[in-house]
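J.: Structure incoming, see below.
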Amino acid sequence: MKANYLITLGFCILLLNSVNAQSLIIPAKGKHIIKDKSIKELRLDSLVLNKKSSLEIQGKKDFTIYANHIILADKTFITAHDDKNNGTNLILSGKFIKIGKTVVDVSGRTYEVGNKTEANGNGGKLTIVYDSDGLKPQHLDNKEKNYIETLAKGASTSTNPYVDVQNLWYRVALGSGIGRSPMGLPQGKVYDASEGKDGEVEIKPLNEN
């Protein structure tokens, strides 16, 4: 059986809503998903995302990752969303040993992409806390070292509501008649024009309040 990730369980303890483990190592092109609703915090000695790997956090309004050592290789992704299309309020804290081309995404999702029964989502609050003994991450200049692309925008849609309504009535007309049902009608919401609110991004040293 081929595993997409490796958790070293030397001292893996589930206590209240926190998981303590020696390390979480995601191999190249691998994906690890955290979706257990009882877990709100992950405490590690090492968090390692190898090249083209991803860590996906699902169904969490708030989530915290503490790691003594953080290694982020090139083309790595960390995404976090709740189950209502909103971005997670995510804290990523530790000593950064390597920062490659990395994306951390807590942006809101549109209902077409995420949960179709919920509105367009709000961006979450992303807080990156770094140990000054390691690398200092930054998100302002992608041409400088230690750049992390941070995404916390609210969801938006380019859909035209007038065109949507016209298409809806057209579908109803096609499906009218005895024994016929409307053709191609979308399930759940037909259109949600509201845009989600933008979230926040903060990068600060470990000992800063």
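Chain labels follow the order of the structure tokens: the first chain is A, the next B, and so on; residue numbering restarts at 1 in every chain, and ligands are counted from 1 in their shown order.
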Would you mind writing down, as a PyMOL selection string, each residue of region 17-207 of chain A that DSSP on the backbone assigns to strand (DSSP E)?
T.: chain A and resi 18-26+31-34+41-49+54-58+62-72+76-81+89-99+102-105+125-130+148-151+200-205
J.: Check the smallest atom-to-atom distance from each of A:Gln138, A:Ser53, A:Asn122, A:Thr102 to His81 (chain A) using only C-alpha atoms, then report the winner.
T.: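 Checking each of A:Gln138, A:Ser53, A:Asn122, A:Thr102 against His81 (chain A), counting only C-alpha atoms, the winner is A:Asn122.
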J.: Please, what distance in Å, to one decimal, runs between CA of Lys51 (chain A) and CA of Ile65 (chain A)?
T.: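 CA of Lys51 (chain A) sits 19.8 Å away from CA of Ile65 (chain A).
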J.: Could you give me, as CSV, a per-residue list for region 61-150 of chain A showing, wherever an atom lies at most 7 Å from an atom of region 46-50 of chain A, the closest pair of atoms and their distance in Å to one decimal, using only C-alpha atoms and sorting by chain then residue number from low to high?
T.:
residue,atom,partner,partner_atom,distance
A:Ala67,CA,A:Ser46,CA,5.5
A:Asn68,CA,A:Ser46,CA,5.9
A:His69,CA,A:Ser46,CA,4.7
A:Ile70,CA,A:Leu47,CA,4.9
A:Ile71,CA,A:Val48,CA,4.8
A:Leu72,CA,A:Leu49,CA,5.1
A:Ala73,CA,A:Asn50,CA,5.1
A:Thr76,CA,A:Leu49,CA,6.5
J.: Just write the chosen residues, all heavy atoms, as a tab-separated table (two decimals), in the first residue's frame.
T.:
chain	number	residue	atom	x	y	z
A	67	ALA	N	5.28	24.03	14.49
A	67	ALA	CA	6.34	23.10	14.13
A	67	ALA	C	7.69	23.70	14.49
A	67	ALA	O	7.96	24.87	14.20
A	67	ALA	CB	6.29	22.77	12.64
A	68	ASN	N	8.54	22.91	15.14
A	68	ASN	CA	9.87	23.40	15.49
A	68	ASN	C	10.70	23.67	14.24
A	68	ASN	O	11.53	24.58	14.23
A	68	ASN	CB	10.58	22.38	16.38
A	68	ASN	CG	9.93	22.25	17.75
A	68	ASN	OD1	9.36	23.21	18.26
A	68	ASN	ND2	10.02	21.06	18.34
A	69	HIS	N	10.47	22.87	13.19
A	69	HIS	CA	11.20	23.04	11.93
A	69	HIS	C	10.21	22.94	10.77
A	69	HIS	O	9.41	22.01	10.72
A	69	HIS	CB	12.28	21.96	11.78
A	69	HIS	CG	13.19	21.86	12.96
A	69	HIS	ND1	12.96	20.99	14.00
A	69	HIS	CD2	14.33	22.53	13.27
A	69	HIS	CE1	13.92	21.11	14.90
A	69	HIS	NE2	14.76	22.04	14.49
A	70	ILE	N	10.29	23.92	9.86
A	70	ILE	CA	9.39	23.94	8.71
A	70	ILE	C	10.23	23.99	7.44
A	70	ILE	O	11.06	24.90	7.26
A	70	ILE	CB	8.44	25.16	8.75
A	70	ILE	CG1	7.58	25.10	10.02
A	70	ILE	CG2	7.56	25.21	7.51
A	70	ILE	CD1	6.71	26.34	10.22
A	71	ILE	N	10.00	23.02	6.56
A	71	ILE	CA	10.70	22.95	5.28
A	71	ILE	C	9.66	22.96	4.17
A	71	ILE	O	8.80	22.07	4.11
A	71	ILE	CB	11.58	21.69	5.18
A	71	ILE	CG1	12.69	21.74	6.24
A	71	ILE	CG2	12.18	21.55	3.79
A	71	ILE	CD1	13.53	20.48	6.31
A	72	LEU	N	9.72	23.97	3.31
A	72	LEU	CA	8.77	24.12	2.21
A	72	LEU	C	9.56	24.13	0.90
A	72	LEU	O	10.25	25.10	0.59
A	72	LEU	CB	7.97	25.41	2.35
A	72	LEU	CG	7.21	25.60	3.68
A	72	LEU	CD1	6.61	26.99	3.75
A	72	LEU	CD2	6.14	24.54	3.84
A	73	ALA	N	9.47	23.05	0.15
A	73	ALA	CA	10.20	22.96	-1.12
A	73	ALA	C	9.45	23.72	-2.21
A	73	ALA	O	8.40	24.33	-1.97
A	73	ALA	CB	10.39	21.49	-1.51
A	76	THR	N	5.00	24.04	-3.60
A	76	THR	CA	4.23	23.43	-2.52
A	76	THR	C	3.03	24.30	-2.19
A	76	THR	O	3.05	25.52	-2.40
A	76	THR	CB	5.09	23.21	-1.27
A	76	THR	OG1	5.73	24.44	-0.90
A	76	THR	CG2	6.15	22.15	-1.53
J.: Taking only C-alpha atoms into account, which of A:Ser93, A:Thr150, A:Ser23, A:Asn207 comes nearest Ala80 (chain A)?
T.: A:Thr150
J.: When you count only C-alpha atoms, which of these residues is closest to Asn120 (chain A): A:Lys101, A:Lys197, A:Lys61, A:Lys75?
T.: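 Ranked by minimum distance to Asn120 (chain A), first place goes to A:Lys197.
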J.: Fewer than 5 positions away in the same chain doesn't count, so skip those; otherwise give me all residues within 12 Å of Leu151 (chain A), counting only C-alpha atoms, as a VMD selection string.
T.: chain A and resid 77 to 81 87 to 88 90 102 to 109 122 to 127 139 to 140 198 to 202
J.: I'd like the interatomic distance between CA of Gly134 (chain A) and CA of Leu206 (chain A), to a tenth of an Å.
T.: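 Those two atoms sit 10.8 Å apart.
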